[in-house]
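upload22.pdb, holding PDB, C-alpha atoms and all ligand atoms:
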ATOM      1  CA  MET V   1      99.378 108.424 106.767
ATOM      2  CA  ILE V   2     101.255 105.873 104.692
ATOM      3  CA  GLY V   3     101.998 102.674 106.517
ATOM      4  CA  GLY V   4     105.183 100.651 106.336
ATOM      5  CA  THR V   5     106.098  97.614 108.385
ATOM      6  CA  ARG V   6     107.953  99.400 111.200
ATOM      7  CA  ILE V   7     107.194 103.052 110.430
ATOM      8  CA  ASN V   8     104.486 105.355 109.152
ATOM      9  CA  LEU V   9     105.048 108.311 106.839
ATOM     10  CA  ARG V  10     102.955 111.397 107.560
ATOM     11  CA  ALA V  11     102.849 115.012 106.445
ATOM     12  CA  PRO V  12     105.275 117.311 108.257
ATOM     13  CA  GLU V  13     103.793 119.521 110.974
ATOM     14  CA  PHE V  14     104.948 122.707 112.658
ATOM     15  CA  ILE V  15     105.258 120.868 115.978
ATOM     16  CA  ASP V  16     108.218 119.020 114.410
ATOM     17  CA  LEU V  17     110.270 122.231 114.553
ATOM     18  CA  ASP V  18     112.500 121.538 117.577
ATOM     19  CA  ARG V  19     113.399 118.038 116.451
ATOM     20  CA  ASN V  20     114.117 119.144 112.899
ATOM     21  CA  GLN V  21     116.362 121.930 114.100
ATOM     22  CA  ARG V  22     118.267 119.576 116.379
ATOM     23  CA  TRP V  23     118.772 117.045 113.596
ATOM     24  CA  ILE V  24     119.831 119.533 110.913
ATOM     25  CA  ASN V  25     122.495 120.880 113.268
ATOM     26  CA  ASP V  26     123.798 117.433 114.190
ATOM     27  CA  ARG V  27     126.975 117.127 112.131
ATOM     28  CA  GLU V  28     127.134 113.363 112.521
ATOM     29  CA  ALA V  29     123.578 112.909 111.216
ATOM     30  CA  THR V  30     124.079 115.327 108.318
ATOM     31  CA  ARG V  31     127.553 114.167 107.284
ATOM     32  CA  TYR V  32     126.334 112.785 103.957
ATOM     33  CA  LEU V  33     123.591 115.333 103.334
ATOM     34  CA  ALA V  34     123.811 118.345 101.032
ATOM     35  CA  GLY V  35     123.495 121.020 103.732
ATOM     36  CA  ARG V  36     126.625 121.727 105.731
ATOM     37  CA  TYR V  37     126.104 125.134 107.308
ATOM     38  CA  PRO V  38     124.590 125.523 110.772
ATOM     39  CA  VAL V  39     120.914 126.455 110.622
ATOM     40  CA  SER V  40     119.490 129.068 113.005
ATOM     41  CA  GLY V  41     116.168 128.626 114.769
ATOM     42  CA  LEU V  42     114.659 131.420 112.710
ATOM     43  CA  ALA V  43     115.849 129.986 109.392
ATOM     44  CA  GLU V  44     114.567 126.524 110.315
ATOM     45  CA  GLU V  45     111.237 128.002 111.384
ATOM     46  CA  ALA V  46     110.879 129.920 108.101
ATOM     47  CA  TRP V  47     111.705 126.783 106.108
ATOM     48  CA  LEU V  48     109.235 124.640 108.061
ATOM     49  CA  ARG V  49     106.465 127.242 107.951
ATOM     50  CA  ASN V  50     106.811 127.359 104.185
ATOM     51  CA  LEU V  51     106.887 123.567 103.923
ATOM     52  CA  VAL V  52     103.825 122.907 106.074
ATOM     53  CA  SER V  53     101.741 125.697 104.566
ATOM     54  CA  SER V  54     102.197 124.474 100.980
ATOM     55  CA  PRO V  55     100.362 121.425  99.671
ATOM     56  CA  MET V  56     102.577 118.466  98.965
ATOM     57  CA  SER V  57     103.016 117.937  95.258
ATOM     58  CA  PHE V  58     104.630 115.705  92.677
ATOM     59  CA  ALA V  59     107.644 117.999  92.447
ATOM     60  CA  HIS V  60     108.272 118.066  96.177
ATOM     61  CA  VAL V  61     107.308 115.216  98.453
ATOM     62  CA  PHE V  62     108.319 115.398 102.112
ATOM     63  CA  PHE V  63     107.289 113.042 104.897
ATOM     64  CA  ALA V  64     107.925 112.827 108.606
ATOM     65  CA  ILE V  65     108.925 109.301 109.634
ATOM     66  CA  GLU V  66     107.234 107.983 112.749
ATOM     67  CA  THR V  67     107.606 104.721 114.598
ATOM     68  CA  LYS V  68     104.418 102.719 114.900
ATOM     69  CA  ASP V  69     103.906 104.182 118.385
ATOM     70  CA  GLY V  70     103.954 107.704 116.963
ATOM     71  CA  ARG V  71     107.506 108.888 117.727
ATOM     72  CA  HIS V  72     108.855 111.243 115.078
ATOM     73  CA  ILE V  73     112.364 109.920 114.347
ATOM     74  CA  GLY V  74     113.295 111.388 110.975
ATOM     75  CA  ASN V  75     112.228 112.705 107.614
ATOM     76  CA  CYS V  76     112.392 111.587 104.023
ATOM     77  CA  GLY V  77     111.377 112.950 100.672
ATOM     78  CA  LEU V  78     111.597 113.038  96.935
ATOM     79  CA  ASP V  79     112.287 115.866  94.547
ATOM     80  CA  ALA V  80     110.976 114.817  91.164
ATOM     81  CA  LEU V  81     111.952 116.341  87.861
ATOM     82  CA  PRO V  82     109.424 115.109  85.300
ATOM     83  CA  GLU V  83     111.446 116.476  82.374
ATOM     84  CA  ASP V  84     114.412 114.350  83.425
ATOM     85  CA  ARG V  85     112.199 111.414  84.446
ATOM     86  CA  LYS V  86     114.170 111.297  87.674
ATOM     87  CA  ALA V  87     113.662 111.925  91.354
ATOM     88  CA  THR V  88     116.236 112.375  94.079
ATOM     89  CA  LEU V  89     115.605 110.807  97.459
ATOM     90  CA  ASP V  90     116.628 112.232 100.817
ATOM     91  CA  ILE V  91     116.380 110.546 104.174
ATOM     92  CA  ILE V  92     117.485 111.215 107.707
ATOM     93  CA  ILE V  93     116.839 109.183 110.806
ATOM     94  CA  GLY V  94     117.609 112.058 113.141
ATOM     95  CA  GLU V  95     117.463 110.067 116.372
ATOM     96  CA  ARG V  96     120.895 108.478 116.226
ATOM     97  CA  ASP V  97     120.193 105.985 119.010
ATOM     98  CA  LEU V  98     117.679 104.421 116.613
ATOM     99  CA  TRP V  99     120.122 103.825 113.747
ATOM    100  CA  SER V 100     120.626 100.264 112.511
ATOM    101  CA  ARG V 101     117.222  99.040 113.633
ATOM    102  CA  GLY V 102     115.682  98.794 110.196
ATOM    103  CA  TYR V 103     113.750 102.083 110.281
ATOM    104  CA  GLY V 104     115.699 103.655 107.408
ATOM    105  CA  THR V 105     115.239 100.610 105.182
ATOM    106  CA  ASP V 106     111.515 100.476 105.889
ATOM    107  CA  ALA V 107     111.105 104.230 105.321
ATOM    108  CA  VAL V 108     112.833 104.029 101.924
ATOM    109  CA  THR V 109     110.831 100.926 100.934
ATOM    110  CA  THR V 110     107.581 102.665 101.911
ATOM    111  CA  LEU V 111     108.547 105.894 100.143
ATOM    112  CA  LEU V 112     109.446 104.005  96.952
ATOM    113  CA  ARG V 113     106.192 102.075  97.052
ATOM    114  CA  PHE V 114     104.360 105.401  97.244
ATOM    115  CA  ALA V 115     106.494 106.780  94.400
ATOM    116  CA  PHE V 116     105.881 103.871  92.055
ATOM    117  CA  ASP V 117     102.302 102.971  92.986
ATOM    118  CA  GLU V 118     100.800 106.404  93.637
ATOM    119  CA  MET V 119     102.983 109.045  91.993
ATOM    120  CA  ASN V 120     103.364 106.926  88.902
ATOM    121  CA  LEU V 121     107.118 107.272  88.796
ATOM    122  CA  THR V 122     108.698 104.522  86.761
ATOM    123  CA  ARG V 123     111.980 102.788  87.102
ATOM    124  CA  SER V 124     114.190 103.655  84.148
ATOM    125  CA  ARG V 125     116.390 101.080  82.478
TER     126      ARG V 125
HETATM  127  C1  LIG V 201     121.350 106.243 106.423
HETATM  128  C2  LIG V 201     120.217 106.049 107.430
HETATM  129  C3  LIG V 201     118.929 106.654 106.892
HETATM  130  C4  LIG V 201     120.025 104.542 107.642
HETATM  131  O1  LIG V 201     118.925 104.357 108.532
HETATM  132  P1  LIG V 201     118.937 103.155 109.552
HETATM  133  O2  LIG V 201     117.613 103.089 110.196
HETATM  134  O3  LIG V 201     120.120 103.311 110.460
HETATM  135  O4  LIG V 201     119.186 101.962 108.540
HETATM  136  P2  LIG V 201     118.708 100.438 108.665
HETATM  137  O5  LIG V 201     118.804  99.973 110.080
HETATM  138  O6  LIG V 201     117.423 100.252 107.971
HETATM  139  O7  LIG V 201     119.819  99.755 107.757
HETATM  140  C5  LIG V 201     121.118  99.743 108.203
HETATM  141  C6  LIG V 201     121.980  99.401 107.021
HETATM  142  O8  LIG V 201     122.273 100.607 106.283
HETATM  143  C7  LIG V 201     123.683 100.720 106.156
HETATM  144  N1  LIG V 201     124.055 102.123 106.087
HETATM  145  C8  LIG V 201     123.821 103.077 107.007
HETATM  146  N2  LIG V 201     124.327 104.263 106.582
HETATM  147  C9  LIG V 201     124.864 104.034 105.363
HETATM  148  C10 LIG V 201     125.554 104.845 104.416
HETATM  149  N3  LIG V 201     125.765 106.135 104.637
HETATM  150  N4  LIG V 201     125.989 104.271 103.275
HETATM  151  C11 LIG V 201     125.779 102.959 103.037
HETATM  152  N5  LIG V 201     125.130 102.143 103.898
HETATM  153  C12 LIG V 201     124.694 102.674 105.048
HETATM  154  C13 LIG V 201     124.217 100.043 107.403
HETATM  155  O9  LIG V 201     125.545  99.641 107.234
HETATM  156  C14 LIG V 201     123.291  98.845 107.499
HETATM  157  O10 LIG V 201     123.676  97.824 106.610
HETATM  158  P3  LIG V 201     123.456  96.275 106.960
HETATM  159  O11 LIG V 201     121.979  96.088 107.204
HETATM  160  O12 LIG V 201     123.974  95.544 105.760
HETATM  161  O13 LIG V 201     124.253  96.060 108.183
HETATM  162  C15 LIG V 201     120.536 106.671 108.817
HETATM  163  O14 LIG V 201     121.714 106.096 109.309
HETATM  164  C16 LIG V 201     120.711 108.183 108.727
HETATM  165  O15 LIG V 201     119.745 108.905 108.821
HETATM  166  N6  LIG V 201     121.951 108.665 108.560
HETATM  167  C17 LIG V 201     122.184 110.104 108.490
HETATM  168  C18 LIG V 201     121.606 110.745 107.230
HETATM  169  C19 LIG V 201     122.105 110.119 105.949
HETATM  170  O16 LIG V 201     123.280 109.804 105.804
HETATM  171  N7  LIG V 201     121.171 109.924 105.012
HETATM  172  C20 LIG V 201     121.493 109.308 103.730
HETATM  173  C21 LIG V 201     121.886 110.301 102.708
HETATM  174  S1  LIG V 201     120.456 111.012 101.934
END
Could I get this structure in the form of structure tokens?
Ligand SMILES: CC(C)(COP(=O)(O)OP(=O)(O)OC[C@H]1O[C@@H](n2cnc3c(N)ncnc32)[C@H](O)[C@@H]1OP(=O)(O)O)[C@@H](O)C(=O)NCCC(=O)NCCS
Amino acid sequence: MIGGTRINLRAPEFIDLDRNQRWINDREATRYLAGRYPVSGLAEEAWLRNLVSSPMSFAHVFFAIETKDGRHIGNCGLDALPEDRKATLDIIIGERDLWSRGYGTDAVTTLLRFAFDEMNLTRSR
């Protein structure tokens, strides 16, 4: 568990399945994300099973975002390409009623602190 000010980041778990499927099929929440096609329950389950049964690694970092009282409200992650010395960051606060309360900012700040302090990513000029 990686602690931020308002949120904690934890490893994804299979029990997150229903929430993840709801969020990935919410067109408002995914408007700016790469995926645009509806995702079936089976496809989401296969994706999550694969994610949670593989160890997290430098190349693929994925965290569930929880409020301090343990409510899973979104996900965030990094896909790092060491050869390019770059990582792309993804984030979704899936619970839309919790937008604009500072959770997204704190999740990104916490994720970047992990990236720079623990993954040894460096900011390029
Ligand atoms: C983007 C997102 C993570 C922000 O989380 P949040 O908890 O609502 O954000 P915070 O409360 O910490 O910060 C809100 C600030 O982000 C800004 N913001 C929200 N969405 C934004 C967007 N798409 N582009 C630019 N700024 C955005 C708000 O205007 C607000 O700015 P302000 O503080 O100057 O008023 C959340 O709205 C979300 O999950 N959206 C759907 C998924 C998505 O678009 N992810 C980003 C692409 S990877």
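Listed by chain and then residue number, the contacts of ligand LIG 201 (chain V) are Ala29, Thr30, Arg31, Tyr32, Leu33, Leu89, Asp90, Ile91, Ile92, Ile93, Gly94, Leu98, Trp99, Ser100, Arg101, Gly102, Tyr103, Gly104, Thr105 and Asp106 of chain V (distance at most 7 Å, using only C-alpha atoms and all ligand atoms).
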Task: Spatial neighbours of segment 41-45 of chain V, 10 Å, all atoms listed in the file, chain gap at least 2 places, as a list of chain:residue names - done: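 Listed by chain and then number, they are V:Phe14, V:Asp16, V:Leu17, V:Asp18, V:Asn20, V:Gln21, V:Arg22, V:Ile24, V:Pro38, V:Val39, V:Trp47, V:Leu48, V:Arg49, V:Asn50, V:Leu51.
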Selected residues, C-alpha atoms, written as a PDB file, in the frame of the given file, please.
ATOM      1  CA  PHE V  14     104.948 122.707 112.658  1.00  0.00           C
ATOM      2  CA  ASP V  16     108.218 119.020 114.410  1.00  0.00           C
ATOM      3  CA  LEU V  17     110.270 122.231 114.553  1.00  0.00           C
ATOM      4  CA  ASP V  18     112.500 121.538 117.577  1.00  0.00           C
ATOM      5  CA  ASN V  20     114.117 119.144 112.899  1.00  0.00           C
ATOM      6  CA  GLN V  21     116.362 121.930 114.100  1.00  0.00           C
ATOM      7  CA  ARG V  22     118.267 119.576 116.379  1.00  0.00           C
ATOM      8  CA  ILE V  24     119.831 119.533 110.913  1.00  0.00           C
ATOM      9  CA  PRO V  38     124.590 125.523 110.772  1.00  0.00           C
ATOM     10  CA  VAL V  39     120.914 126.455 110.622  1.00  0.00           C
ATOM     11  CA  TRP V  47     111.705 126.783 106.108  1.00  0.00           C
ATOM     12  CA  LEU V  48     109.235 124.640 108.061  1.00  0.00           C
ATOM     13  CA  ARG V  49     106.465 127.242 107.951  1.00  0.00           C
ATOM     14  CA  ASN V  50     106.811 127.359 104.185  1.00  0.00           C
ATOM     15  CA  LEU V  51     106.887 123.567 103.923  1.00  0.00           C
TER      16      LEU V  51
END
TODO: Could you expand the PyMOL selection byres (((chain V and resi 79) around 10) and not hetatm) into the explicit residues it covers here, written as a list in words?
DONE: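 Output from the PyMOL selection byres (((chain V and resi 79) around 10) and not hetatm), applied to this file: Ser57, Phe58, Ala59, His60, Val61, Phe62, Gly77, Leu78, Ala80, Leu81, Pro82, Lys86, Ala87, Thr88, Leu89 and Asp90 of chain V.
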Open item on the list: Neighbouring residues of Val52 of chain V were defined as those with any atom within 9 Å, considering all atoms listed in the file; residues of the same chain fewer than 6 positions away were excluded. Please report them as a list of chain:residue names.
Closed with: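 With the cut-off at 9 Å, the set is V:Ala11, V:Pro12, V:Glu13, V:Phe14.
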Task: Counting only C-alpha atoms, the residue of V:Ile65, V:Asp97, V:Asp84, V:Gly74 that sits nearest Ile2 of chain V - done: V:Ile65
TODO: Excluding Gly3 of chain V and any residue of its chain fewer than 6 positions from it, enumerate the residues within 10 Å of it, using all atoms listed in the file, and give them as a PyMOL selection string.
DONE: chain V and resi 9-10+66+68+106-107+110-111+114
Task: Nearest candidate to Asp69 of chain V (options V:Glu118, V:Arg85, V:Val108, V:Ile7; using all atoms listed in the file) - done: V:Ile7
Save segment 58-72 of chain V from what I just supplied, as a PDB file, in the first residue's frame, atoms limited to N, CA and C atoms.
ATOM      1  N   PHE V  58       8.394  -3.100 -13.610  1.00  0.00           N
ATOM      2  CA  PHE V  58       8.783  -1.777 -14.102  1.00  0.00           C
ATOM      3  C   PHE V  58       8.000  -1.412 -15.362  1.00  0.00           C
ATOM      4  N   ALA V  59       7.862  -2.387 -16.257  1.00  0.00           N
ATOM      5  CA  ALA V  59       7.244  -2.092 -17.556  1.00  0.00           C
ATOM      6  C   ALA V  59       5.748  -1.828 -17.435  1.00  0.00           C
ATOM      7  N   HIS V  60       5.133  -2.398 -16.406  1.00  0.00           N
ATOM      8  CA  HIS V  60       3.679  -2.237 -16.300  1.00  0.00           C
ATOM      9  C   HIS V  60       3.264  -2.117 -14.841  1.00  0.00           C
ATOM     10  N   VAL V  61       2.985  -0.895 -14.453  1.00  0.00           N
ATOM     11  CA  VAL V  61       2.589  -0.602 -13.080  1.00  0.00           C
ATOM     12  C   VAL V  61       1.105  -0.246 -13.083  1.00  0.00           C
ATOM     13  N   PHE V  62       0.337  -0.892 -12.235  1.00  0.00           N
ATOM     14  CA  PHE V  62      -1.105  -0.633 -12.191  1.00  0.00           C
ATOM     15  C   PHE V  62      -1.551  -0.648 -10.738  1.00  0.00           C
ATOM     16  N   PHE V  63      -2.217   0.414 -10.320  1.00  0.00           N
ATOM     17  CA  PHE V  63      -2.693   0.494  -8.939  1.00  0.00           C
ATOM     18  C   PHE V  63      -4.196   0.765  -8.901  1.00  0.00           C
ATOM     19  N   ALA V  64      -4.847   0.172  -7.912  1.00  0.00           N
ATOM     20  CA  ALA V  64      -6.197   0.594  -7.554  1.00  0.00           C
ATOM     21  C   ALA V  64      -6.064   1.803  -6.632  1.00  0.00           C
ATOM     22  N   ILE V  65      -6.951   2.774  -6.830  1.00  0.00           N
ATOM     23  CA  ILE V  65      -6.966   3.975  -5.984  1.00  0.00           C
ATOM     24  C   ILE V  65      -8.086   3.814  -4.962  1.00  0.00           C
ATOM     25  N   GLU V  66      -7.714   3.941  -3.703  1.00  0.00           N
ATOM     26  CA  GLU V  66      -8.717   3.843  -2.634  1.00  0.00           C
ATOM     27  C   GLU V  66      -8.725   5.128  -1.807  1.00  0.00           C
ATOM     28  N   THR V  67      -9.907   5.502  -1.353  1.00  0.00           N
ATOM     29  CA  THR V  67      -9.967   6.578  -0.363  1.00  0.00           C
ATOM     30  C   THR V  67      -9.359   6.057   0.933  1.00  0.00           C
ATOM     31  N   LYS V  68      -9.099   6.960   1.840  1.00  0.00           N
ATOM     32  CA  LYS V  68      -8.461   6.548   3.100  1.00  0.00           C
ATOM     33  C   LYS V  68      -9.342   5.582   3.896  1.00  0.00           C
ATOM     34  N   ASP V  69     -10.666   5.623   3.640  1.00  0.00           N
ATOM     35  CA  ASP V  69     -11.528   4.654   4.346  1.00  0.00           C
ATOM     36  C   ASP V  69     -11.747   3.368   3.540  1.00  0.00           C
ATOM     37  N   GLY V  70     -10.911   3.176   2.508  1.00  0.00           N
ATOM     38  CA  GLY V  70     -10.887   1.874   1.839  1.00  0.00           C
ATOM     39  C   GLY V  70     -11.861   1.698   0.696  1.00  0.00           C
ATOM     40  N   ARG V  71     -12.437   2.776   0.174  1.00  0.00           N
ATOM     41  CA  ARG V  71     -13.355   2.665  -0.969  1.00  0.00           C
ATOM     42  C   ARG V  71     -12.564   2.741  -2.269  1.00  0.00           C
ATOM     43  N   HIS V  72     -12.722   1.728  -3.090  1.00  0.00           N
ATOM     44  CA  HIS V  72     -12.031   1.690  -4.386  1.00  0.00           C
ATOM     45  C   HIS V  72     -12.752   2.642  -5.341  1.00  0.00           C
TER      46      HIS V  72
END
